[in-house]
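Peer 1: Data file target-v8.cif (mmCIF, C-alpha atoms and all ligand atoms) is appended below.
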data_work
loop_
_atom_site.group_PDB
_atom_site.id
_atom_site.type_symbol
_atom_site.label_atom_id
_atom_site.label_comp_id
_atom_site.auth_asym_id
_atom_site.auth_seq_id
_atom_site.Cartn_x
_atom_site.Cartn_y
_atom_site.Cartn_z
ATOM 1 C CA MET T 1445 117.779 140.471 104.257
ATOM 2 C CA ILE T 1446 119.330 138.288 106.984
ATOM 3 C CA LYS T 1447 116.891 135.544 107.910
ATOM 4 C CA LYS T 1448 119.118 132.991 109.669
ATOM 5 C CA ALA T 1449 121.301 133.089 112.737
ATOM 6 C CA ILE T 1450 123.807 130.578 114.062
ATOM 7 C CA PHE T 1451 124.267 130.244 117.821
ATOM 8 C CA PRO T 1452 127.458 128.297 118.577
ATOM 9 C CA VAL T 1453 126.868 126.700 121.977
ATOM 10 C CA GLY T 1454 129.215 123.738 121.721
ATOM 11 C CA GLY T 1455 132.020 125.086 123.933
ATOM 12 C CA LEU T 1456 132.931 123.462 127.249
ATOM 13 C CA GLY T 1457 132.783 126.645 129.345
ATOM 14 C CA THR T 1458 135.780 125.561 131.428
ATOM 15 C CA ARG T 1459 136.139 129.003 133.023
ATOM 16 C CA PHE T 1460 132.819 128.427 134.774
ATOM 17 C CA LEU T 1461 133.504 125.017 136.231
ATOM 18 C CA PRO T 1462 132.036 123.503 138.322
ATOM 19 C CA ALA T 1463 128.819 125.342 137.327
ATOM 20 C CA THR T 1464 129.226 124.167 133.744
ATOM 21 C CA LYS T 1465 129.983 120.514 134.437
ATOM 22 C CA ALA T 1466 126.419 119.474 133.630
ATOM 23 C CA LEU T 1467 124.849 122.875 132.844
ATOM 24 C CA PRO T 1468 125.606 124.595 129.530
ATOM 25 C CA LYS T 1469 127.387 127.923 130.045
ATOM 26 C CA GLU T 1470 124.800 129.520 127.770
ATOM 27 C CA MET T 1471 122.075 128.544 130.259
ATOM 28 C CA LEU T 1472 123.628 130.604 133.078
ATOM 29 C CA PRO T 1473 121.032 133.233 133.994
ATOM 30 C CA VAL T 1474 121.573 136.961 134.069
ATOM 31 C CA VAL T 1475 118.876 138.127 136.485
ATOM 32 C CA ASP T 1476 116.100 135.740 135.393
ATOM 33 C CA LYS T 1477 116.926 134.763 131.822
ATOM 34 C CA PRO T 1478 119.582 132.446 130.407
ATOM 35 C CA LEU T 1479 122.276 133.991 128.250
ATOM 36 C CA ILE T 1480 121.105 132.079 125.193
ATOM 37 C CA GLN T 1481 117.614 133.529 125.454
ATOM 38 C CA TYR T 1482 118.985 137.072 125.374
ATOM 39 C CA ALA T 1483 120.872 136.175 122.189
ATOM 40 C CA VAL T 1484 117.822 134.586 120.544
ATOM 41 C CA GLU T 1485 115.664 137.606 121.423
ATOM 42 C CA GLU T 1486 118.342 139.931 120.052
ATOM 43 C CA ALA T 1487 118.275 138.019 116.758
ATOM 44 C CA ALA T 1488 114.480 138.002 116.622
ATOM 45 C CA ALA T 1489 114.543 141.800 117.092
ATOM 46 C CA ALA T 1490 116.599 141.934 113.872
ATOM 47 C CA GLY T 1491 113.857 140.136 111.921
ATOM 48 C CA ILE T 1492 115.735 136.830 111.973
ATOM 49 C CA ASP T 1493 113.336 133.894 112.016
ATOM 50 C CA GLU T 1494 115.525 130.811 111.562
ATOM 51 C CA PHE T 1495 117.630 129.809 114.537
ATOM 52 C CA ILE T 1496 120.455 127.292 114.184
ATOM 53 C CA PHE T 1497 122.106 126.045 117.362
ATOM 54 C CA VAL T 1498 125.458 124.301 117.185
ATOM 55 C CA THR T 1499 125.365 122.145 120.296
ATOM 56 C CA GLY T 1500 127.562 119.545 121.914
ATOM 57 C CA ARG T 1501 127.390 116.990 124.689
ATOM 58 C CA ASN T 1502 125.562 118.102 127.869
ATOM 59 C CA LYS T 1503 123.697 120.832 125.982
ATOM 60 C CA SER T 1504 120.210 119.298 125.901
ATOM 61 C CA ALA T 1505 118.973 121.873 128.466
ATOM 62 C CA ILE T 1506 119.136 124.435 125.638
ATOM 63 C CA GLU T 1507 116.813 122.357 123.442
ATOM 64 C CA ASP T 1508 114.428 121.861 126.355
ATOM 65 C CA HIS T 1509 114.470 125.561 127.155
ATOM 66 C CA PHE T 1510 113.045 126.493 123.763
ATOM 67 C CA ASP T 1511 110.445 123.702 123.738
ATOM 68 C CA HIS T 1512 107.109 123.105 125.449
ATOM 69 C CA SER T 1513 107.149 121.947 129.042
ATOM 70 C CA PHE T 1514 103.696 120.413 129.312
ATOM 71 C CA GLU T 1515 103.885 119.684 133.027
ATOM 72 C CA LEU T 1516 104.913 123.268 133.800
ATOM 73 C CA GLU T 1517 102.279 124.724 131.472
ATOM 74 C CA LYS T 1518 99.542 122.536 133.002
ATOM 75 C CA THR T 1519 100.560 123.648 136.496
ATOM 76 C CA LEU T 1520 100.576 127.325 135.474
ATOM 77 C CA ILE T 1521 97.076 126.925 133.979
ATOM 78 C CA THR T 1522 95.813 125.173 137.121
ATOM 79 C CA LYS T 1523 97.262 127.900 139.341
ATOM 80 C CA GLY T 1524 95.927 130.687 137.120
ATOM 81 C CA LYS T 1525 99.393 132.127 136.477
ATOM 82 C CA ALA T 1526 98.498 133.658 133.136
ATOM 83 C CA ASP T 1527 101.520 135.973 132.863
ATOM 84 C CA ALA T 1528 104.008 133.188 133.493
ATOM 85 C CA LEU T 1529 102.160 130.972 131.025
ATOM 86 C CA ALA T 1530 102.242 133.673 128.344
ATOM 87 C CA MET T 1531 105.967 134.137 128.971
ATOM 88 C CA VAL T 1532 106.811 130.468 128.473
ATOM 89 C CA HIS T 1533 104.569 130.304 125.386
ATOM 90 C CA ASP T 1534 106.241 133.349 123.834
ATOM 91 C CA MET T 1535 109.589 131.574 123.928
ATOM 92 C CA ILE T 1536 108.408 128.807 121.602
ATOM 93 C CA HIS T 1537 109.259 129.502 118.000
ATOM 94 C CA LYS T 1538 107.314 128.457 114.922
ATOM 95 C CA PRO T 1539 107.697 124.712 114.227
ATOM 96 C CA GLY T 1540 110.542 124.173 111.790
ATOM 97 C CA SER T 1541 112.272 127.474 112.547
ATOM 98 C CA VAL T 1542 114.698 126.067 115.118
ATOM 99 C CA SER T 1543 117.329 123.498 114.232
ATOM 100 C CA TYR T 1544 120.162 121.846 116.086
ATOM 101 C CA VAL T 1545 123.386 120.508 114.680
ATOM 102 C CA ARG T 1546 125.911 118.709 116.823
ATOM 103 C CA GLN T 1547 129.566 119.663 117.077
ATOM 104 C CA GLN T 1548 130.960 116.322 118.229
ATOM 105 C CA ASP T 1549 134.337 117.769 119.154
ATOM 106 C CA PRO T 1550 134.674 121.298 120.586
ATOM 107 C CA ALA T 1551 137.436 122.177 118.140
ATOM 108 C CA GLY T 1552 136.860 125.926 118.258
ATOM 109 C CA LEU T 1553 134.430 128.616 117.178
ATOM 110 C CA GLY T 1554 135.399 128.348 113.501
ATOM 111 C CA HIS T 1555 134.722 124.621 113.607
ATOM 112 C CA ALA T 1556 131.358 125.189 115.341
ATOM 113 C CA VAL T 1557 130.274 127.637 112.636
ATOM 114 C CA TRP T 1558 131.452 125.251 109.909
ATOM 115 C CA CYS T 1559 129.280 122.503 111.449
ATOM 116 C CA ALA T 1560 126.241 124.604 110.460
ATOM 117 C CA ARG T 1561 127.275 124.854 106.798
ATOM 118 C CA ASN T 1562 124.558 122.570 105.432
ATOM 119 C CA MET T 1563 121.820 124.606 107.110
ATOM 120 C CA VAL T 1564 122.852 127.750 105.246
ATOM 121 C CA HIS T 1565 122.502 128.180 101.491
ATOM 122 C CA ASP T 1566 123.731 130.959 99.248
ATOM 123 C CA GLU T 1567 122.911 133.720 101.724
ATOM 124 C CA PRO T 1568 124.589 135.818 104.401
ATOM 125 C CA VAL T 1569 123.990 134.586 107.936
ATOM 126 C CA ALA T 1570 124.285 136.129 111.395
ATOM 127 C CA ILE T 1571 126.318 134.564 114.195
ATOM 128 C CA LEU T 1572 125.708 135.419 117.845
ATOM 129 C CA LEU T 1573 127.826 134.286 120.785
ATOM 130 C CA ALA T 1574 125.567 134.170 123.809
ATOM 131 C CA ASP T 1575 128.362 134.829 126.278
ATOM 132 C CA ASP T 1576 128.806 138.308 124.805
ATOM 133 C CA LEU T 1577 125.747 139.907 126.350
ATOM 134 C CA ILE T 1578 124.682 143.349 125.175
ATOM 135 C CA LEU T 1579 122.585 145.743 127.210
ATOM 136 C CA GLY T 1580 120.680 148.242 125.104
ATOM 137 C CA GLN T 1581 119.603 148.106 121.479
ATOM 138 C CA SER T 1582 119.795 144.791 119.600
ATOM 139 C CA CYS T 1583 123.360 144.804 118.303
ATOM 140 C CA ILE T 1584 122.626 142.392 115.475
ATOM 141 C CA ALA T 1585 119.602 144.496 114.417
ATOM 142 C CA GLU T 1586 121.859 147.551 114.190
ATOM 143 C CA MET T 1587 124.342 145.515 112.152
ATOM 144 C CA VAL T 1588 121.668 144.195 109.794
ATOM 145 C CA ALA T 1589 120.459 147.771 109.234
ATOM 146 C CA HIS T 1590 123.987 148.828 108.152
ATOM 147 C CA TYR T 1591 124.888 145.641 106.256
ATOM 148 C CA ARG T 1592 125.534 146.093 102.533
ATOM 149 C CA GLY T 1593 127.110 142.710 101.700
ATOM 150 C CA GLY T 1594 130.444 141.076 102.486
ATOM 151 C CA ASN T 1595 131.415 140.439 106.098
ATOM 152 C CA MET T 1596 130.724 142.473 109.196
ATOM 153 C CA VAL T 1597 131.790 142.063 112.823
ATOM 154 C CA ALA T 1598 130.696 143.959 115.923
ATOM 155 C CA ALA T 1599 133.588 146.076 117.163
ATOM 156 C CA MET T 1600 134.538 148.014 120.268
ATOM 157 C CA ASN T 1601 137.609 149.649 121.748
ATOM 158 C CA VAL T 1602 139.284 147.731 124.561
ATOM 159 C CA PRO T 1603 142.042 148.722 126.995
ATOM 160 C CA THR T 1604 145.536 148.238 125.550
ATOM 161 C CA ASP T 1605 146.410 145.502 128.047
ATOM 162 C CA GLN T 1606 143.428 143.354 127.008
ATOM 163 C CA THR T 1607 144.138 142.771 123.323
ATOM 164 C CA GLN T 1608 145.225 139.168 123.974
ATOM 165 C CA SER T 1609 141.604 138.317 124.844
ATOM 166 C CA TYR T 1610 140.130 139.392 121.487
ATOM 167 C CA GLY T 1611 140.379 139.308 117.731
ATOM 168 C CA ILE T 1612 141.931 142.695 116.898
ATOM 169 C CA ILE T 1613 141.283 144.756 113.760
ATOM 170 C CA THR T 1614 143.809 146.602 111.610
ATOM 171 C CA PRO T 1615 141.635 149.592 110.740
ATOM 172 C CA GLY T 1616 141.262 151.288 107.381
ATOM 173 C CA LYS T 1617 138.659 153.975 106.653
ATOM 174 C CA ASP T 1618 136.776 154.788 109.821
ATOM 175 C CA ASP T 1619 133.698 157.018 110.092
ATOM 176 C CA GLY T 1620 133.256 156.394 113.802
ATOM 177 C CA LYS T 1621 130.495 153.828 113.247
ATOM 178 C CA LEU T 1622 131.833 151.618 110.474
ATOM 179 C CA VAL T 1623 135.529 150.802 110.413
ATOM 180 C CA GLU T 1624 137.039 149.073 107.413
ATOM 181 C CA VAL T 1625 138.809 145.834 108.333
ATOM 182 C CA LYS T 1626 142.219 145.776 106.643
ATOM 183 C CA GLY T 1627 143.609 143.027 108.865
ATOM 184 C CA LEU T 1628 142.467 140.752 111.648
ATOM 185 C CA VAL T 1629 144.575 138.917 114.194
ATOM 186 C CA GLU T 1630 143.414 136.574 116.955
ATOM 187 C CA LYS T 1631 144.463 137.405 120.524
ATOM 188 C CA PRO T 1632 147.672 139.402 119.898
ATOM 189 C CA GLU T 1633 149.864 140.474 122.798
ATOM 190 C CA PRO T 1634 149.522 144.252 123.362
ATOM 191 C CA LYS T 1635 152.962 144.883 121.817
ATOM 192 C CA ASP T 1636 151.897 143.096 118.593
ATOM 193 C CA ALA T 1637 148.335 144.427 118.399
ATOM 194 C CA PRO T 1638 147.593 146.560 115.307
ATOM 195 C CA SER T 1639 145.010 148.608 117.255
ATOM 196 C CA THR T 1640 142.733 148.348 120.276
ATOM 197 C CA ILE T 1641 139.614 147.792 118.150
ATOM 198 C CA ALA T 1642 138.333 144.371 119.172
ATOM 199 C CA VAL T 1643 135.842 141.981 117.632
ATOM 200 C CA VAL T 1644 132.805 141.222 119.798
ATOM 201 C CA GLY T 1645 130.704 138.074 119.320
ATOM 202 C CA ARG T 1646 128.315 139.285 116.623
ATOM 203 C CA TYR T 1647 129.035 138.592 112.968
ATOM 204 C CA ILE T 1648 127.364 138.658 109.593
ATOM 205 C CA ILE T 1649 129.241 136.393 107.221
ATOM 206 C CA GLU T 1650 128.880 135.628 103.568
ATOM 207 C CA PRO T 1651 128.677 131.985 102.438
ATOM 208 C CA THR T 1652 132.260 131.867 101.116
ATOM 209 C CA VAL T 1653 133.457 131.862 104.743
ATOM 210 C CA PHE T 1654 132.169 128.284 105.050
ATOM 211 C CA GLN T 1655 134.377 127.236 102.144
ATOM 212 C CA THR T 1656 137.371 128.876 103.799
ATOM 213 C CA LEU T 1657 136.553 127.137 107.077
ATOM 214 C CA SER T 1658 136.532 123.781 105.244
ATOM 215 C CA ASN T 1659 140.289 124.162 104.754
ATOM 216 C CA SER T 1660 141.104 125.839 108.059
ATOM 217 C CA GLU T 1661 143.784 124.495 110.345
ATOM 218 C CA ARG T 1662 143.889 124.762 114.110
ATOM 219 C CA SER T 1663 145.770 127.857 115.331
ATOM 220 C CA VAL T 1664 145.584 129.931 118.553
ATOM 221 C CA GLY T 1665 144.569 127.719 121.498
ATOM 222 C CA ASP T 1666 144.804 124.655 119.207
ATOM 223 C CA GLU T 1667 141.339 125.579 117.907
ATOM 224 C CA ILE T 1668 139.910 126.332 114.479
ATOM 225 C CA GLN T 1669 139.352 130.070 114.696
ATOM 226 C CA LEU T 1670 136.595 131.975 112.927
ATOM 227 C CA THR T 1671 138.904 135.009 112.984
ATOM 228 C CA ASP T 1672 141.433 133.208 110.767
ATOM 229 C CA ALA T 1673 138.785 132.360 108.162
ATOM 230 C CA LEU T 1674 137.463 135.931 108.231
ATOM 231 C CA ALA T 1675 140.994 137.294 107.871
ATOM 232 C CA GLN T 1676 141.273 135.352 104.622
ATOM 233 C CA GLN T 1677 138.268 137.220 103.202
ATOM 234 C CA ILE T 1678 140.034 140.582 103.500
ATOM 235 C CA GLY T 1679 140.466 142.174 100.103
ATOM 236 C CA LYS T 1680 138.020 139.765 98.451
ATOM 237 C CA SER T 1681 134.820 141.515 99.550
ATOM 238 C CA GLU T 1682 133.614 144.357 101.762
ATOM 239 C CA PHE T 1683 134.581 143.856 105.389
ATOM 240 C CA TYR T 1684 133.592 146.229 108.181
ATOM 241 C CA GLY T 1685 133.649 146.427 111.938
ATOM 242 C CA PHE T 1686 130.499 147.966 113.350
ATOM 243 C CA ARG T 1687 130.578 150.032 116.544
ATOM 244 C CA PHE T 1688 127.305 149.149 118.223
ATOM 245 C CA SER T 1689 125.476 151.428 120.631
ATOM 246 C CA GLY T 1690 124.845 149.009 123.531
ATOM 247 C CA GLU T 1691 127.070 148.024 126.441
ATOM 248 C CA ARG T 1692 128.753 144.646 126.132
ATOM 249 C CA PHE T 1693 129.459 142.259 129.003
ATOM 250 C CA ASP T 1694 131.862 139.342 128.704
ATOM 251 C CA CYS T 1695 129.765 136.681 130.378
ATOM 252 C CA GLY T 1696 132.409 134.068 129.530
ATOM 253 C CA SER T 1697 134.434 135.546 132.401
ATOM 254 C CA LYS T 1698 133.333 135.512 136.034
ATOM 255 C CA VAL T 1699 133.799 139.245 136.583
ATOM 256 C CA GLY T 1700 131.964 140.087 133.354
ATOM 257 C CA PHE T 1701 129.134 137.765 134.327
ATOM 258 C CA LEU T 1702 128.806 139.399 137.760
ATOM 259 C CA GLN T 1703 128.919 142.865 136.186
ATOM 260 C CA ALA T 1704 126.165 141.837 133.756
ATOM 261 C CA ASN T 1705 123.937 140.672 136.599
ATOM 262 C CA ILE T 1706 124.389 143.964 138.411
ATOM 263 C CA ALA T 1707 123.900 146.097 135.279
ATOM 264 C CA PHE T 1708 120.824 144.166 134.099
ATOM 265 C CA GLY T 1709 119.458 144.208 137.661
ATOM 266 C CA MET T 1710 119.939 147.974 137.822
ATOM 267 C CA ALA T 1711 118.226 148.355 134.452
ATOM 268 C CA ASN T 1712 115.203 146.467 135.791
ATOM 269 C CA GLU T 1713 112.836 148.972 137.348
ATOM 270 C CA THR T 1714 111.306 146.416 139.725
ATOM 271 C CA LEU T 1715 114.652 145.245 141.076
ATOM 272 C CA ALA T 1716 116.719 148.420 140.845
ATOM 273 C CA PRO T 1717 115.618 150.276 144.032
ATOM 274 C CA GLU T 1718 116.335 147.371 146.411
ATOM 275 C CA LEU T 1719 119.509 146.367 144.572
ATOM 276 C CA MET T 1720 120.892 149.922 144.534
ATOM 277 C CA SER T 1721 120.193 150.455 148.196
ATOM 278 C CA TRP T 1722 121.925 147.147 149.020
ATOM 279 C CA ILE T 1723 124.954 148.118 146.887
ATOM 280 C CA ARG T 1724 125.123 151.543 148.559
ATOM 281 C CA GLY T 1725 124.997 149.837 151.954
ATOM 282 C CA ARG T 1726 127.860 147.493 151.008
ATOM 283 C CA LEU T 1727 130.006 150.378 149.797
ATOM 284 C CA SER T 1728 129.456 152.674 152.766
HETATM 285 P P1 LIG B 1801 134.632 130.457 124.322
HETATM 286 O O1 LIG B 1801 135.799 130.907 123.562
HETATM 287 O O2 LIG B 1801 134.174 131.301 125.438
HETATM 288 O O3 LIG B 1801 134.920 128.978 124.803
HETATM 289 O O4 LIG B 1801 133.443 130.267 123.288
HETATM 290 P P2 LIG B 1801 134.149 128.030 125.797
HETATM 291 O O5 LIG B 1801 134.655 126.652 125.577
HETATM 292 O O6 LIG B 1801 132.670 128.189 125.667
HETATM 293 O O7 LIG B 1801 134.527 128.556 127.259
HETATM 294 P P3 LIG B 1801 135.899 128.431 128.110
HETATM 295 O O8 LIG B 1801 136.883 129.329 127.443
HETATM 296 O O9 LIG B 1801 136.305 126.977 128.136
HETATM 297 O O10 LIG B 1801 135.477 128.906 129.461
HETATM 298 C C1 LIG B 1801 132.668 131.340 122.756
HETATM 299 C C2 LIG B 1801 131.382 130.758 122.180
HETATM 300 O O11 LIG B 1801 131.701 129.817 121.161
HETATM 301 C C3 LIG B 1801 131.124 128.555 121.449
HETATM 302 C C4 LIG B 1801 130.875 128.556 122.947
HETATM 303 O O12 LIG B 1801 129.833 127.659 123.305
HETATM 304 C C5 LIG B 1801 130.550 130.005 123.230
HETATM 305 O O13 LIG B 1801 129.181 130.284 122.993
HETATM 306 N N1 LIG B 1801 132.050 127.478 121.052
HETATM 307 C C6 LIG B 1801 133.365 127.525 121.402
HETATM 308 C C7 LIG B 1801 131.553 126.404 120.339
HETATM 309 O O14 LIG B 1801 130.350 126.352 120.004
HETATM 310 N N2 LIG B 1801 132.404 125.393 120.008
HETATM 311 C C8 LIG B 1801 133.716 125.403 120.338
HETATM 312 O O15 LIG B 1801 134.444 124.444 119.995
HETATM 313 C C9 LIG B 1801 134.206 126.500 121.057
#
Could you render the structure from this file as structure tokens?

Peer 2:
Amino acid sequence: MIKKAIFPVGGLGTRFLPATKALPKEMLPVVDKPLIQYAVEEAAAAGIDEFIFVTGRNKSAIEDHFDHSFELEKTLITKGKADALAMVHDMIHKPGSVSYVRQQDPAGLGHAVWCARNMVHDEPVAILLADDLILGQSCIAEMVAHYRGGNMVAAMNVPTDQTQSYGIITPGKDDGKLVEVKGLVEKPEPKDAPSTIAVVGRYIIEPTVFQTLSNSERSVGDEIQLTDALAQQIGKSEFYGFRFSGERFDCGSKVGFLQANIAFGMANETLAPELMSWIRGRLS
């Protein structure tokens, strides 16, 4: 049902300077794979086969990453590295299934999504933020399986003192998996937060959200917020938060990024024994 996904990668990644001065934040690797590749693979696992990247200046490494590298491939053939060659071939998608649109000004996530409006027709579309990395089942695949129209966001409980880092949901009916979204507020202070149920960077939106974004003004952080446009859909169509089964890491923050590297390293059976023994040694 959901065939297209938008990957907004136009942000400046200022929290990761100087690493992100010339390197896109979404190309930072967790273990051996860039964040954006995890997101693309998560979407592919949901049956999505059209990938729309909203890029910006200094983001060409992302385009190169998902394209042929003839020199590398020739070298791998010459050296007989068949596994590595198969791996780099597997990353190349069908011609015509990947498109790039440029966000000339990083005016916020809502603006980035709006920049993709002409690539999406009268159909719901997935949005994945690569810096929210999820270990476990494909979150967007789980969402697609539960999607029945309207808008859906991935949701998780966060500590009370962290609400100002997230979009926060005012919950309605809640069956433990799907929670009705009765209100949505971007980055409220804990004292103003309607709950501790936070939005994580996975969305399925209906096309009307693009129209709303067309008229959106800058708000929190002087940016055009996707949360604001989604909040305006409340009451007009179905809107649910989906509690996914995986573990989410905030790779937009340094601590979250380090945690992700450790968790993904520990989940890797080749790396885990040496990594665990090193960690145990550090802690003793
Ligand atoms: P963030 O809110 O983490 O912003 O974006 P950022 O600019 O990337 O990073 P900091 O806060 O300066 O360190 C979440 C996602 O939305 C994209 C980012 O690329 C990231 O994948 N984004 C954000 C855009 O595509 N355009 C924007 O204008 C802002």

Peer 1: Hey, which bits of chain T sit within 7 Å of ligand LIG 1801 (chain B), and for each residue what's the closest pair of atoms and how far apart in Å (one decimal), counting only C-alpha atoms and all ligand atoms, rows by chain and increasing number, as a Markdown table?

Peer 2:
| residue | atom | partner | partner_atom | distance |
| --- | --- | --- | --- | --- |
| T:Pro1452 | CA | B:LIG1801 | O14 | 3.8 |
| T:Val1453 | CA | B:LIG1801 | O12 | 3.4 |
| T:Gly1454 | CA | B:LIG1801 | O14 | 3.3 |
| T:Gly1455 | CA | B:LIG1801 | O12 | 3.4 |
| T:Leu1456 | CA | B:LIG1801 | O5 | 4.0 |
| T:Gly1457 | CA | B:LIG1801 | O7 | 3.3 |
| T:Thr1458 | CA | B:LIG1801 | O9 | 3.6 |
| T:Arg1459 | CA | B:LIG1801 | O10 | 3.6 |
| T:Phe1460 | CA | B:LIG1801 | O10 | 6.0 |
| T:Lys1469 | CA | B:LIG1801 | O6 | 6.9 |
| T:Glu1470 | CA | B:LIG1801 | O13 | 6.5 |
| T:Val1498 | CA | B:LIG1801 | O14 | 6.0 |
| T:Thr1499 | CA | B:LIG1801 | O14 | 6.5 |
| T:Asp1549 | CA | B:LIG1801 | O15 | 6.7 |
| T:Pro1550 | CA | B:LIG1801 | O15 | 3.2 |
| T:Ala1551 | CA | B:LIG1801 | O15 | 4.2 |
| T:Gly1552 | CA | B:LIG1801 | O15 | 3.3 |
| T:Leu1553 | CA | B:LIG1801 | C9 | 4.4 |
| T:His1555 | CA | B:LIG1801 | O15 | 6.4 |
| T:Ala1556 | CA | B:LIG1801 | N2 | 4.8 |
| T:Leu1573 | CA | B:LIG1801 | O13 | 4.8 |
| T:Ala1574 | CA | B:LIG1801 | O13 | 5.4 |
| T:Asp1575 | CA | B:LIG1801 | O13 | 5.7 |
| T:Gly1696 | CA | B:LIG1801 | O2 | 5.2 |

Peer 1: What would the selection look like, as a CSV table (one decimal) with C-alpha atoms, in the frame of the given file, if the PyMOL selection byres (((chain T and resi 1623) around 6) and not hetatm) were run on the coordinates I just shared?

Peer 2:
chain,number,residue,atom,x,y,z
T,1617,LYS,CA,138.7,154.0,106.7
T,1618,ASP,CA,136.8,154.8,109.8
T,1622,LEU,CA,131.8,151.6,110.5
T,1624,GLU,CA,137.0,149.1,107.4
T,1684,TYR,CA,133.6,146.2,108.2
T,1685,GLY,CA,133.6,146.4,111.9

Peer 1: Residues within 10 Å of Ser1663 (chain T), please, as a PyMOL selection string. Count all atoms listed in the file; anything in the same chain fewer than 4 positions from it doesn't count.

Peer 2: chain T and resi 1552+1630+1667-1669+1672

Peer 1: Would you put the residues from that selection into a file with C-alpha atoms, as a PDB file, in the frame of the given file?

Peer 2:
ATOM      1  CA  GLY T1552     136.860 125.926 118.258  1.00  0.00           C
ATOM      2  CA  GLU T1630     143.414 136.574 116.955  1.00  0.00           C
ATOM      3  CA  GLU T1667     141.339 125.579 117.907  1.00  0.00           C
ATOM      4  CA  ILE T1668     139.910 126.332 114.479  1.00  0.00           C
ATOM      5  CA  GLN T1669     139.352 130.070 114.696  1.00  0.00           C
ATOM      6  CA  ASP T1672     141.433 133.208 110.767  1.00  0.00           C
TER       7      ASP T1672
END

Peer 1: Taking all atoms listed in the file into account, name the residue in T:Val1532, T:Ala1449, T:Met1710, T:Ala1505 that is nearest to Leu1520 (chain T).

Peer 2: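 Answer, going by the shortest atom-to-atom distance: T:Val1532.
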
Peer 1: What do you get, as a PyMOL selection string, if you spell out every residue that the PyMOL selection byres (((chain T and resi 1511) around 12) and not hetatm) selects here?

Peer 2: chain T and resi 1504-1510+1512-1514+1516-1517+1532-1543

Peer 1: For this structure, which residues satisfy the selection - the PyMOL selection byres (((chain T and resi 1641) around 9) and not hetatm) - when it is evaluated on the file as given? I want them as a count of residues only.

Peer 2: 16

Peer 1: Nearest residue to Gln1581 (chain T) out of T:Asn1705, T:Asn1712, T:Ser1689, T:Gln1481, using all atoms listed in the file?

Peer 2: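 Residue with the minimum atom-to-atom distance to Gln1581 (chain T): T:Ser1689.
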
Peer 1: Please provide as a list of chain:residue names all residues within 9 Å of Val1475 (chain T), with the sequence filter that same-chain residues fewer than 4 positions apart are discarded (counting all atoms listed in the file).

Peer 2: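 Everything that qualifies: T:Ala1704, T:Asn1705, T:Ile1706, T:Phe1708, T:Gly1709.
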
Peer 1: Given the selection you just returned, output its residues as a file containing C-alpha atoms, formatted as a short mmCIF file (atom, residue, chain, number, x, y, z; two decimals), keeping the file's coordinate frame.

Peer 2:
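File written: out-v2.cif
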data_model
loop_
_atom_site.label_atom_id
_atom_site.label_comp_id
_atom_site.auth_asym_id
_atom_site.auth_seq_id
_atom_site.Cartn_x
_atom_site.Cartn_y
_atom_site.Cartn_z
CA ALA T 1704 126.16 141.84 133.76
CA ASN T 1705 123.94 140.67 136.60
CA ILE T 1706 124.39 143.96 138.41
CA PHE T 1708 120.82 144.17 134.10
CA GLY T 1709 119.46 144.21 137.66
#

Peer 1: Work out how far apart CA of Gly1620 (chain T) and CA of Gly1690 (chain T) are and give it in Å to one decimal.

Peer 2: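 Atom-to-atom, CA of Gly1620 (chain T) to CA of Gly1690 (chain T), that is 14.8 Å.
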
Peer 1: So what do you get for CA of Val1629 (chain T) versus CA of Ile1480 (chain T), distance-wise?

Peer 2: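 Going from CA of Val1629 (chain T) over to CA of Ile1480 (chain T), I get 26.8 Å.
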
Peer 1: Once you count only C-alpha atoms, which residues end up no further than 8 Å from (121.6, 139.0, 123.4) in the file's frame, shown as an NGL selection string?

Peer 2: :T and (1479-1487 or 1572 or 1574 or 1576-1579 or 1582-1583)
